[in-house]
>>> print(open('data_22.cif').read())   # mmCIF, C-alpha atoms and all ligand atoms
data_entry
#
loop_
_atom_site.label_atom_id
_atom_site.label_comp_id
_atom_site.auth_asym_id
_atom_site.auth_seq_id
_atom_site.Cartn_x
_atom_site.Cartn_y
_atom_site.Cartn_z
CA MET A 179 -21.84 12.41 35.71
CA ASN A 180 -18.40 13.77 34.94
CA PRO A 181 -17.59 12.79 31.32
CA ASN A 182 -13.88 13.10 32.17
CA ALA A 183 -14.04 10.67 35.10
CA GLY A 184 -12.49 7.82 33.09
CA LEU A 185 -9.84 10.12 31.71
CA ASP A 186 -9.02 11.50 35.16
CA ALA A 187 -8.73 7.97 36.56
CA VAL A 188 -6.27 7.00 33.82
CA LYS A 189 -4.28 10.21 34.36
CA SER A 190 -4.05 9.66 38.12
CA PHE A 191 -3.05 6.04 37.60
CA LYS A 192 -0.37 6.95 35.05
CA SER A 193 1.06 9.73 37.19
CA ALA A 194 1.13 7.57 40.34
CA ALA A 195 2.42 4.45 38.63
CA TRP A 196 6.11 5.33 38.88
CA THR A 197 6.23 6.95 42.30
CA SER A 198 7.41 4.00 44.42
CA THR A 199 11.09 3.43 45.11
CA GLU A 200 10.77 -0.17 43.98
CA ARG A 201 9.27 0.85 40.64
CA ALA A 202 12.06 3.38 40.09
CA GLN A 203 14.66 0.71 40.85
CA ILE A 204 13.15 -1.73 38.34
CA TYR A 205 12.78 1.02 35.73
CA ASP A 206 16.39 2.11 36.17
CA ARG A 207 17.64 -1.46 35.82
CA THR A 208 15.57 -2.29 32.74
CA THR A 209 16.38 0.89 30.80
CA SER A 210 20.08 1.33 31.50
CA SER A 211 21.47 -0.97 28.76
CA THR A 212 23.65 0.76 26.17
CA SER A 213 23.96 -2.28 23.91
CA ASP A 214 20.38 -3.09 22.97
CA LEU A 215 18.17 -2.02 20.08
CA THR A 216 16.19 0.34 22.30
CA HIS A 217 19.40 2.24 23.10
CA PHE A 218 20.11 2.66 19.38
CA VAL A 219 16.58 3.94 18.69
CA THR A 220 16.97 6.30 21.67
CA SER A 221 20.19 7.74 20.20
CA GLU A 222 18.48 8.31 16.85
CA TYR A 223 15.62 10.00 18.69
CA ILE A 224 17.91 12.33 20.67
CA GLY A 225 19.59 13.24 17.35
CA LEU A 226 16.31 14.79 16.16
CA LEU A 227 16.85 17.46 18.84
CA THR A 228 20.65 17.77 19.00
CA GLN A 229 21.02 18.35 15.25
CA ARG A 230 18.79 21.42 15.62
CA ILE A 231 20.08 23.14 18.78
CA ALA A 232 23.29 25.08 19.51
CA PRO A 233 26.05 23.69 21.76
CA LYS A 234 25.39 24.17 25.47
CA SER A 235 21.67 24.79 24.99
CA ALA A 236 19.24 24.88 27.91
CA VAL A 237 17.13 21.75 27.43
CA LEU A 238 14.12 20.47 29.37
CA ASP A 239 13.47 16.71 29.59
CA LEU A 240 9.76 16.29 30.39
CA GLY A 241 8.87 13.25 32.50
CA CYS A 242 12.58 12.43 32.59
CA GLY A 243 12.21 9.31 34.75
CA THR A 244 15.58 7.88 35.71
CA GLY A 245 17.26 10.24 33.26
CA VAL A 246 18.11 8.16 30.19
CA LEU A 247 17.68 11.21 27.90
CA THR A 248 18.75 13.73 30.56
CA LYS A 249 22.12 12.04 31.07
CA ALA A 250 22.74 11.52 27.33
CA LEU A 251 22.03 15.20 26.58
CA ALA A 252 24.23 16.39 29.46
CA ALA A 253 27.05 14.14 28.18
CA LEU A 254 26.73 15.98 24.84
CA GLY A 255 27.40 19.28 26.66
CA HIS A 256 23.88 20.67 27.09
CA ASP A 257 22.53 22.13 30.33
CA VAL A 258 19.63 19.82 31.04
CA THR A 259 16.72 20.20 33.42
CA GLY A 260 14.80 17.02 34.17
CA VAL A 261 11.27 17.28 35.53
CA ASP A 262 9.24 14.33 36.78
CA ILE A 263 6.29 13.74 39.09
CA SER A 264 8.18 10.92 40.83
CA GLN A 265 10.91 11.90 43.29
CA ALA A 266 11.90 8.21 43.43
CA MET A 267 12.72 8.30 39.70
CA LEU A 268 14.66 11.59 40.06
CA ASP A 269 16.64 10.13 42.98
CA LYS A 270 18.22 7.63 40.55
CA ILE A 271 19.93 10.41 38.55
CA ASP A 272 23.52 11.36 39.39
CA THR A 273 23.82 15.16 39.12
CA SER A 274 27.46 15.38 40.21
CA GLY A 275 28.67 16.14 36.63
CA GLY A 276 27.20 19.62 37.04
CA ARG A 277 25.10 19.94 33.86
CA ILE A 278 21.90 18.43 35.28
CA THR A 279 19.20 20.20 37.32
CA LEU A 280 16.25 18.20 38.62
CA ARG A 281 12.78 19.37 39.67
CA GLN A 282 9.84 17.39 40.89
CA GLY A 283 6.81 18.65 38.97
CA ASP A 284 3.77 17.93 36.85
CA VAL A 285 3.96 18.06 33.04
CA TYR A 286 0.47 19.63 33.08
CA ALA A 287 1.69 22.59 35.21
CA LEU A 288 5.43 23.00 34.83
CA PRO A 289 7.33 24.85 37.58
CA PHE A 290 9.17 27.09 35.09
CA ALA A 291 8.72 30.59 33.68
CA ASP A 292 7.64 31.21 30.08
CA ALA A 293 10.38 30.87 27.42
CA SER A 294 12.94 29.32 29.82
CA PHE A 295 14.40 26.70 27.44
CA ASP A 296 16.06 26.47 24.00
CA GLY A 297 14.87 22.91 23.58
CA VAL A 298 12.32 20.49 25.05
CA ILE A 299 12.41 16.72 24.69
CA THR A 300 10.23 13.98 26.10
CA ARG A 301 10.02 10.22 25.64
CA TRP A 302 7.40 7.64 26.66
CA VAL A 303 5.24 10.22 28.44
CA ILE A 304 3.03 11.82 25.73
CA PRO A 305 1.68 8.43 24.47
CA HIS A 306 0.39 7.69 28.00
CA PHE A 307 -2.08 10.56 28.08
CA ARG A 308 -5.19 10.88 25.92
CA ASP A 309 -5.24 14.66 26.44
CA TRP A 310 -1.60 14.91 25.32
CA PRO A 311 -2.15 18.19 23.38
CA THR A 312 -2.52 19.89 26.80
CA ILE A 313 0.99 18.69 27.73
CA VAL A 314 2.33 19.97 24.39
CA ARG A 315 0.76 23.40 25.03
CA GLU A 316 2.30 23.60 28.49
CA ALA A 317 5.71 22.53 27.13
CA ALA A 318 5.44 25.18 24.38
CA ARG A 319 4.88 27.83 27.04
CA VAL A 320 8.30 27.21 28.59
CA LEU A 321 10.06 27.02 25.19
CA ARG A 322 11.58 30.21 23.80
CA PRO A 323 10.38 31.45 20.36
CA GLY A 324 12.46 29.68 17.71
CA GLY A 325 13.21 26.83 20.13
CA THR A 326 12.81 23.17 19.15
CA MET A 327 10.60 20.56 20.80
CA VAL A 328 10.90 16.83 20.14
CA ILE A 329 8.12 14.53 21.31
CA ASP A 330 7.50 10.84 20.68
CA HIS A 331 4.11 9.42 19.82
CA THR A 332 2.50 6.27 18.48
CA SER A 333 1.16 6.13 14.95
CA ARG A 334 -2.60 5.82 14.62
CA ALA A 335 -2.09 4.78 10.98
CA ASN A 336 0.02 1.79 12.12
CA TYR A 337 -2.81 0.58 14.37
CA ALA A 338 -5.36 1.13 11.58
CA LEU A 339 -3.35 -0.96 9.12
CA ALA A 340 -2.69 -3.67 11.70
CA ALA A 341 -6.31 -3.83 12.85
CA ARG A 342 -7.77 -4.35 9.39
CA GLU A 343 -10.11 -7.34 9.50
CA GLY A 344 -9.59 -7.50 13.24
CA ALA A 345 -6.07 -8.87 12.75
CA LEU A 346 -4.44 -7.08 15.69
CA ASP A 347 -5.03 -8.46 19.17
CA HIS A 348 -4.50 -5.24 21.15
CA SER A 349 -4.32 -6.98 24.51
CA THR A 350 -1.34 -9.12 23.53
CA PHE A 351 0.38 -6.35 21.55
CA GLY A 352 0.64 -4.54 24.89
CA TYR A 353 -0.19 -1.05 23.67
CA ASP A 354 -3.91 -0.44 23.33
CA PRO A 355 -4.75 3.02 21.98
CA ARG A 356 -8.54 2.57 21.79
CA VAL A 357 -10.66 4.88 23.90
CA GLN A 358 -12.98 2.10 25.01
CA GLY A 359 -10.61 -0.78 24.67
CA GLY A 360 -8.94 -2.97 27.25
CA ASP A 361 -8.08 -2.06 30.81
CA LYS A 362 -8.34 1.71 31.34
CA THR A 363 -5.16 1.74 33.39
CA VAL A 364 -3.02 0.47 30.52
CA PHE A 365 -4.56 2.78 27.96
CA TYR A 366 -2.19 4.50 25.55
CA ALA A 367 -2.73 7.39 23.13
CA ALA A 368 -2.00 7.50 19.41
CA ALA A 369 -1.97 10.27 16.82
CA SER A 370 -2.29 10.92 13.09
CA VAL A 371 -0.30 13.62 11.33
CA ASP A 372 -3.49 15.75 11.21
CA GLU A 373 -3.89 15.43 14.98
CA LEU A 374 -0.24 16.38 15.48
CA GLN A 375 -0.74 19.38 13.20
CA LEU A 376 -3.82 20.50 15.19
CA ALA A 377 -1.95 20.16 18.51
CA ALA A 378 1.00 22.09 17.08
CA ASP A 379 -1.25 24.91 15.85
CA SER A 380 -3.04 25.23 19.18
CA ALA A 381 0.33 25.46 20.98
CA GLY A 382 1.87 28.06 18.62
CA LEU A 383 4.30 25.52 17.14
CA ASP A 384 5.25 24.63 13.57
CA LEU A 385 5.28 20.92 12.76
CA ILE A 386 8.73 20.43 11.23
CA ASP A 387 9.06 16.67 10.86
CA VAL A 388 7.40 13.38 11.75
CA ALA A 389 10.11 10.72 11.71
CA PRO A 390 9.16 7.03 11.71
CA LEU A 391 11.24 5.35 14.42
CA GLY A 392 12.05 1.75 15.34
CA PHE A 393 10.53 -0.49 12.65
CA PHE A 394 11.75 -3.68 14.34
CA ARG A 395 11.12 -2.75 17.95
CA GLN A 396 7.37 -2.23 18.36
CA ASN A 397 5.29 -2.67 15.23
CA ALA A 398 1.57 -3.40 15.27
CA VAL A 399 1.63 -4.70 11.68
CA ILE A 400 4.22 -7.35 12.61
CA ALA A 401 2.19 -8.14 15.75
CA ALA A 402 -0.97 -8.62 13.65
CA VAL A 403 0.82 -11.01 11.30
CA LEU A 404 2.42 -13.07 14.08
CA GLY A 405 -0.30 -13.02 16.74
CA GLY A 406 0.26 -12.30 20.43
CA GLU A 407 2.50 -15.21 21.36
CA GLY A 408 4.39 -15.10 18.07
CA PHE A 409 5.08 -11.42 18.58
CA GLN A 410 6.60 -12.01 22.02
CA THR A 411 8.87 -14.71 20.53
CA TYR A 412 9.77 -12.36 17.67
CA ARG A 413 10.76 -9.56 20.05
CA LYS A 414 13.08 -11.84 22.01
CA ALA A 415 14.58 -13.12 18.75
CA VAL A 416 15.23 -9.56 17.49
CA ASP A 417 16.93 -8.64 20.79
CA ALA A 418 19.16 -11.72 20.52
CA PHE A 419 19.82 -11.14 16.80
CA TYR A 420 20.85 -7.55 17.55
CA GLN A 421 23.74 -8.78 19.70
CA ASP A 422 25.43 -10.26 16.62
CA PRO A 423 27.69 -7.55 15.07
CA GLY A 424 26.62 -8.26 11.47
CA ALA A 425 22.93 -8.29 12.35
CA ARG A 426 23.38 -5.13 14.41
CA ALA A 427 25.01 -3.34 11.45
CA PHE A 428 22.13 -4.44 9.19
CA ILE A 429 19.41 -3.34 11.63
CA GLN A 430 21.09 0.02 12.19
CA TRP A 431 21.46 0.54 8.42
CA PHE A 432 17.79 -0.40 7.89
CA GLU A 433 16.56 1.91 10.67
CA GLN A 434 18.61 4.87 9.42
CA ASN A 435 18.00 4.48 5.69
CA ILE A 436 14.77 2.54 5.16
CA THR A 437 12.59 3.10 8.24
CA ARG A 438 13.04 6.84 7.83
CA ALA A 439 11.45 6.62 4.34
CA LEU A 440 8.51 4.34 5.25
CA PRO A 441 4.91 5.61 5.40
CA LEU A 442 3.56 6.02 8.94
CA ASP A 443 1.22 3.05 8.71
CA MET A 444 4.30 0.77 8.60
CA VAL A 445 5.86 2.01 11.85
CA ASN A 446 4.44 2.35 15.36
CA GLY A 447 6.84 4.90 16.83
CA MET A 448 7.14 8.50 15.64
CA GLY A 449 9.69 11.18 16.54
CA VAL A 450 7.93 14.52 16.11
CA VAL A 451 9.88 17.74 15.66
CA LEU A 452 8.18 21.07 16.45
CA ARG A 453 9.43 24.65 16.46
CA LYS A 454 7.97 27.51 18.48
CA ARG A 455 6.70 30.35 16.34
CA ALA A 456 8.02 33.85 16.90
CA ALA A 457 5.82 35.94 19.21
CA GLY A 458 3.39 38.34 17.57
C1 LIG B 501 7.79 5.48 30.90
S1 LIG B 501 8.54 6.65 31.96
C2 LIG B 501 9.63 7.51 30.83
C3 LIG B 501 10.86 8.05 31.51
C4 LIG B 501 11.91 8.68 30.61
N1 LIG B 501 11.36 9.78 29.84
C5 LIG B 501 12.57 7.68 29.69
O1 LIG B 501 12.62 7.92 28.48
O2 LIG B 501 13.07 6.65 30.18
C6 LIG B 501 7.27 7.84 32.25
C7 LIG B 501 7.66 8.90 33.24
O3 LIG B 501 6.67 9.92 33.28
C8 LIG B 501 6.53 10.36 34.60
N2 LIG B 501 5.22 11.02 34.77
C9 LIG B 501 4.00 10.43 34.74
N3 LIG B 501 3.04 11.35 34.90
C10 LIG B 501 3.67 12.54 35.05
C11 LIG B 501 3.21 13.88 35.26
N4 LIG B 501 1.91 14.16 35.34
N5 LIG B 501 4.15 14.86 35.37
C12 LIG B 501 5.48 14.58 35.29
N6 LIG B 501 5.96 13.34 35.09
C13 LIG B 501 5.07 12.34 34.97
C14 LIG B 501 6.70 9.11 35.43
O4 LIG B 501 7.00 9.37 36.79
C15 LIG B 501 7.82 8.40 34.67
O5 LIG B 501 9.08 8.74 35.18
#
>>> encode(input="data_22.cif", output="structure tokens", more="lines below")
Ligand SMILES: C[S@@+](CC[C@H](N)C(=O)[O-])C[C@H]1O[C@@H](n2cnc3c(N)ncnc32)[C@H](O)[C@@H]1O
Amino acid sequence: MNPNAGLDAVKSFKSAAWTSTERAQIYDRTTSSTSDLTHFVTSEYIGLLTQRIAPKSAVLDLGCGTGVLTKALAALGHDVTGVDISQAMLDKIDTSGGRITLRQGDVYALPFADASFDGVITRWVIPHFRDWPTIVREAARVLRPGGTMVIDHTSRANYALAAREGALDHSTFGYDPRVQGGDKTVFYAAASVDELQLAADSAGLDLIDVAPLGFFRQNAVIAAVLGGEGFQTYRKAVDAFYQDPGARAFIQWFEQNITRALPLDMVNGMGVVLRKRAAG
């Protein structure tokens, strides 16, 4: 029996899940808002990379989807390459501005030469794959020495705190990081700082920062307190609350000044900053 059969099935499912035109259309529509809380968290996330790279850097967006990060980075003046397994997703990206290059390709075997990019960024791809350190190693290959990589991940410590005394119902939270848990096809990965450090070491990267991101958006501790249905109601309420200018200013202040200082068991999302070590 192949011990990786389950893993391979999840990988194939995850890689195929976005390939239809219909799926790309829905994804494009549901992620294009520039006035919701997710957009704000996205901007904070992109800042982890842009504050560390020179103007007009060559940046790779791994699993770029419909180009939310690709387009934002190009608008900031960087030369961005987006790679994705789904041509339907890539087809949604307007490249007429001239700073965007698109390639269909697999994050496990990137169609680029070693040391091609000054920066690499990826969002909502790494936490889908249990063997995510392999993706990090492949991304490090195409990053030049001294270059910066920013990946997102989900905090294992947040799940551990939330699941104390069985308080977190993973199936209703929507993100189930357990190896044996739930439906294999909706399996997500999670990481501790030690696991991030190990992955960084094996890819020749220094772990520069692990930034807690998005306290209000997706938090297993809040989900454990409220229960599945309560958490869905809470999420809708936060989205509505965020549309009020005063509430928006408060949430943005909290995310920038308080979330950043919280321990990783209090926050589900992490922005991870890595730097490629010099050769030799
Ligand atoms: C949740 S979407 C994230 C898209 C985008 N990064 C964003 O922030 O909106 C996941 C993306 O990963 C892509 N993907 C899945 N498996 C892949 C693989 N093996 N190689 C490249 N892209 C992959 C999917 O096609 C999809 O566009």
>>> residues_near_ligand(input="data_22.cif", ligand="ligand LIG 501 (chain B)", cutoff="6 Å", atoms="only C-alpha atoms and all ligand atoms", output="VMD selection string")
chain A and resid 192 to 193 196 241 to 243 246 262 to 264 267 283 to 285 300 to 303
>>> closest_residue(input="data_22.cif", among="A:Thr279, A:Thr326, A:Ser235, A:Thr273", to="Thr259 of chain A", atoms="only C-alpha atoms")
A:Thr279
>>> closest_atom_pairs(input="data_22.cif", of="segment 220-259 of chain A", to="segment 364-386 of chain A", cutoff="12 Å", atoms="only C-alpha atoms", output="CSV")
residue,atom,partner,partner_atom,distance
A:Leu226,CA,A:Ile386,CA,10.7
A:Leu227,CA,A:Ile386,CA,11.5
A:Arg230,CA,A:Ile386,CA,11.0
>>> closest_residue(input="data_22.cif", among="A:Ala340, A:Ile329, A:Ala457, A:Leu268", to="Val445 of chain A", atoms="all atoms listed in the file")
A:Ala340
>>> closest_residue(input="data_22.cif", among="A:His256, A:Arg281, A:Arg315, A:Arg322", to="Lys454 of chain A", atoms="all atoms listed in the file")
A:Arg322
>>> atom_distance(input="data_22.cif", atom1="atom CA of Tyr420 of chain A", atom2="atom CA of Ala338 of chain A")
28.2 Å
>>> atom_distance(input="data_22.cif", atom1="atom CA of Trp310 of chain A", atom2="atom CA of Val450 of chain A")
13.3 Å
>>> atom_distance(input="data_22.cif", atom1="atom CA of Thr197 of chain A", atom2="atom CA of Thr248 of chain A")
18.5 Å
>>> residues_around(input="data_22.cif", residues="Ala253 of chain A", least_positions_apart="4", cutoff="9 Å", atoms="all atoms listed in the file", output="ChimeraX atom specification")
/A:248-249,275,277
>>> axis_aligned_box(input="data_22.cif", around="segment 336-349 of chain A", padding_each_side="8 Å", output="JSON")
{"center_x": -5.0, "center_y": -3.5, "center_z": 16.8, "size_x": 26.1, "size_y": 26.7, "size_z": 31.4}
>>> residues_around(input="data_22.cif", residues="Ile224 of chain A", least_positions_apart="4", cutoff="8 Å", atoms="all atoms listed in the file", output="VMD selection string")
chain A and resid 220 228 247 251
>>> residues_around(input="data_22.cif", residues="Tyr353 of chain A", least_positions_apart="4", cutoff="12 Å", atoms="all atoms listed in the file", output="number ranges by chain")
A: 302, 305-306, 331-334, 336-337, 346-349, 359-368, 396-398, 401, 406, 446-447
>>> residues_around(input="data_22.cif", residues="Gln410 of chain A", least_positions_apart="2", cutoff="12 Å", atoms="all atoms listed in the file", output="list in words")
Thr350, Phe351, Gly352, Arg395, Gln396, Asn397, Ile400, Ala401, Ala402, Leu404, Gly405, Gly406, Glu407, Gly408, Tyr412, Arg413, Lys414, Ala415, Val416 and Asp417 of chain A
>>> closest_residue(input="data_22.cif", among="A:Ala291, A:Ile278, A:Val451, A:Gly325", to="Gly225 of chain A", atoms="all atoms listed in the file")
A:Val451
>>> closest_residue(input="data_22.cif", among="A:Val314, A:Glu343, A:Phe393, A:Ser210", to="Ala250 of chain A", atoms="all atoms listed in the file")
A:Ser210
>>> residues_around(input="data_22.cif", residues="Thr212 of chain A", least_positions_apart="4", cutoff="12 Å", atoms="all atoms listed in the file", output="MDAnalysis selection string")
chainID A and resid 207:208 216:221 246 250 421
>>> closest_residue(input="data_22.cif", among="A:Leu440, A:Leu288, A:Met327, A:Ala187", to="Arg455 of chain A", atoms="only C-alpha atoms")
A:Met327
>>> decode(input="data_22.cif", residues="segment 305-327 of chain A", atoms="N, CA and C atoms", output="JSON list (two decimals), in the first residue's frame")
[["chain", "number", "residue", "atom", "x", "y", "z"],
["A", 305, "PRO", "N", -1.25, 26.72, 2.73],
["A", 305, "PRO", "CA", -2.06, 26.03, 3.75],
["A", 305, "PRO", "C", -2.97, 24.93, 3.18],
["A", 306, "HIS", "N", -2.98, 24.76, 1.86],
["A", 306, "HIS", "CA", -3.76, 23.68, 1.26],
["A", 306, "HIS", "C", -3.00, 22.36, 1.22],
["A", 307, "PHE", "N", -1.68, 22.41, 1.35],
["A", 307, "PHE", "CA", -0.88, 21.22, 1.06],
["A", 307, "PHE", "C", -0.08, 20.77, 2.28],
["A", 308, "ARG", "N", -0.32, 19.53, 2.69],
["A", 308, "ARG", "CA", 0.33, 18.99, 3.88],
["A", 308, "ARG", "C", 1.85, 18.89, 3.70],
["A", 309, "ASP", "N", 2.31, 18.70, 2.46],
["A", 309, "ASP", "CA", 3.76, 18.65, 2.22],
["A", 309, "ASP", "C", 4.28, 20.02, 1.76],
["A", 310, "TRP", "N", 3.72, 21.07, 2.37],
["A", 310, "TRP", "CA", 4.06, 22.44, 1.98],
["A", 310, "TRP", "C", 5.56, 22.76, 2.01],
["A", 311, "PRO", "N", 6.39, 22.12, 2.88],
["A", 311, "PRO", "CA", 7.82, 22.46, 2.84],
["A", 311, "PRO", "C", 8.45, 22.18, 1.46],
["A", 312, "THR", "N", 7.88, 21.21, 0.71],
["A", 312, "THR", "CA", 8.39, 20.93, -0.64],
["A", 312, "THR", "C", 8.16, 22.14, -1.55],
["A", 313, "ILE", "N", 7.00, 22.78, -1.40],
["A", 313, "ILE", "CA", 6.70, 23.98, -2.21],
["A", 313, "ILE", "C", 7.66, 25.11, -1.82],
["A", 314, "VAL", "N", 7.93, 25.24, -0.53],
["A", 314, "VAL", "CA", 8.84, 26.30, -0.07],
["A", 314, "VAL", "C", 10.24, 26.07, -0.64],
["A", 315, "ARG", "N", 10.68, 24.80, -0.68],
["A", 315, "ARG", "CA", 12.01, 24.50, -1.23],
["A", 315, "ARG", "C", 12.09, 24.85, -2.71],
["A", 316, "GLU", "N", 11.03, 24.51, -3.44],
["A", 316, "GLU", "CA", 11.01, 24.81, -4.88],
["A", 316, "GLU", "C", 10.97, 26.32, -5.11],
["A", 317, "ALA", "N", 10.22, 27.03, -4.29],
["A", 317, "ALA", "CA", 10.16, 28.50, -4.41],
["A", 317, "ALA", "C", 11.52, 29.12, -4.08],
["A", 318, "ALA", "N", 12.22, 28.55, -3.10],
["A", 318, "ALA", "CA", 13.55, 29.07, -2.72],
["A", 318, "ALA", "C", 14.54, 28.88, -3.87],
["A", 319, "ARG", "N", 14.36, 27.83, -4.63],
["A", 319, "ARG", "CA", 15.27, 27.58, -5.77],
["A", 319, "ARG", "C", 15.24, 28.74, -6.76],
["A", 320, "VAL", "N", 14.05, 29.29, -7.01],
["A", 320, "VAL", "CA", 13.94, 30.33, -8.04],
["A", 320, "VAL", "C", 14.16, 31.73, -7.48],
["A", 321, "LEU", "N", 14.42, 31.82, -6.16],
["A", 321, "LEU", "CA", 14.68, 33.11, -5.51],
["A", 321, "LEU", "C", 16.18, 33.36, -5.52],
["A", 322, "ARG", "N", 16.58, 34.61, -5.77],
["A", 322, "ARG", "CA", 18.02, 34.89, -5.78],
["A", 322, "ARG", "C", 18.53, 34.99, -4.33],
["A", 323, "PRO", "N", 19.82, 34.69, -4.08],
["A", 323, "PRO", "CA", 20.36, 34.85, -2.73],
["A", 323, "PRO", "C", 20.12, 36.28, -2.24],
["A", 324, "GLY", "N", 19.69, 36.43, -1.01],
["A", 324, "GLY", "CA", 19.35, 37.74, -0.46],
["A", 324, "GLY", "C", 17.91, 38.15, -0.73],
["A", 325, "GLY", "N", 17.24, 37.42, -1.62],
["A", 325, "GLY", "CA", 15.85, 37.74, -1.96],
["A", 325, "GLY", "C", 14.88, 37.38, -0.82],
["A", 326, "THR", "N", 13.70, 37.99, -0.85],
["A", 326, "THR", "CA", 12.71, 37.81, 0.22],
["A", 326, "THR", "C", 11.53, 36.97, -0.27],
["A", 327, "MET", "N", 11.10, 36.06, 0.59],
["A", 327, "MET", "CA", 9.89, 35.26, 0.30],
["A", 327, "MET", "C", 8.87, 35.50, 1.40]]
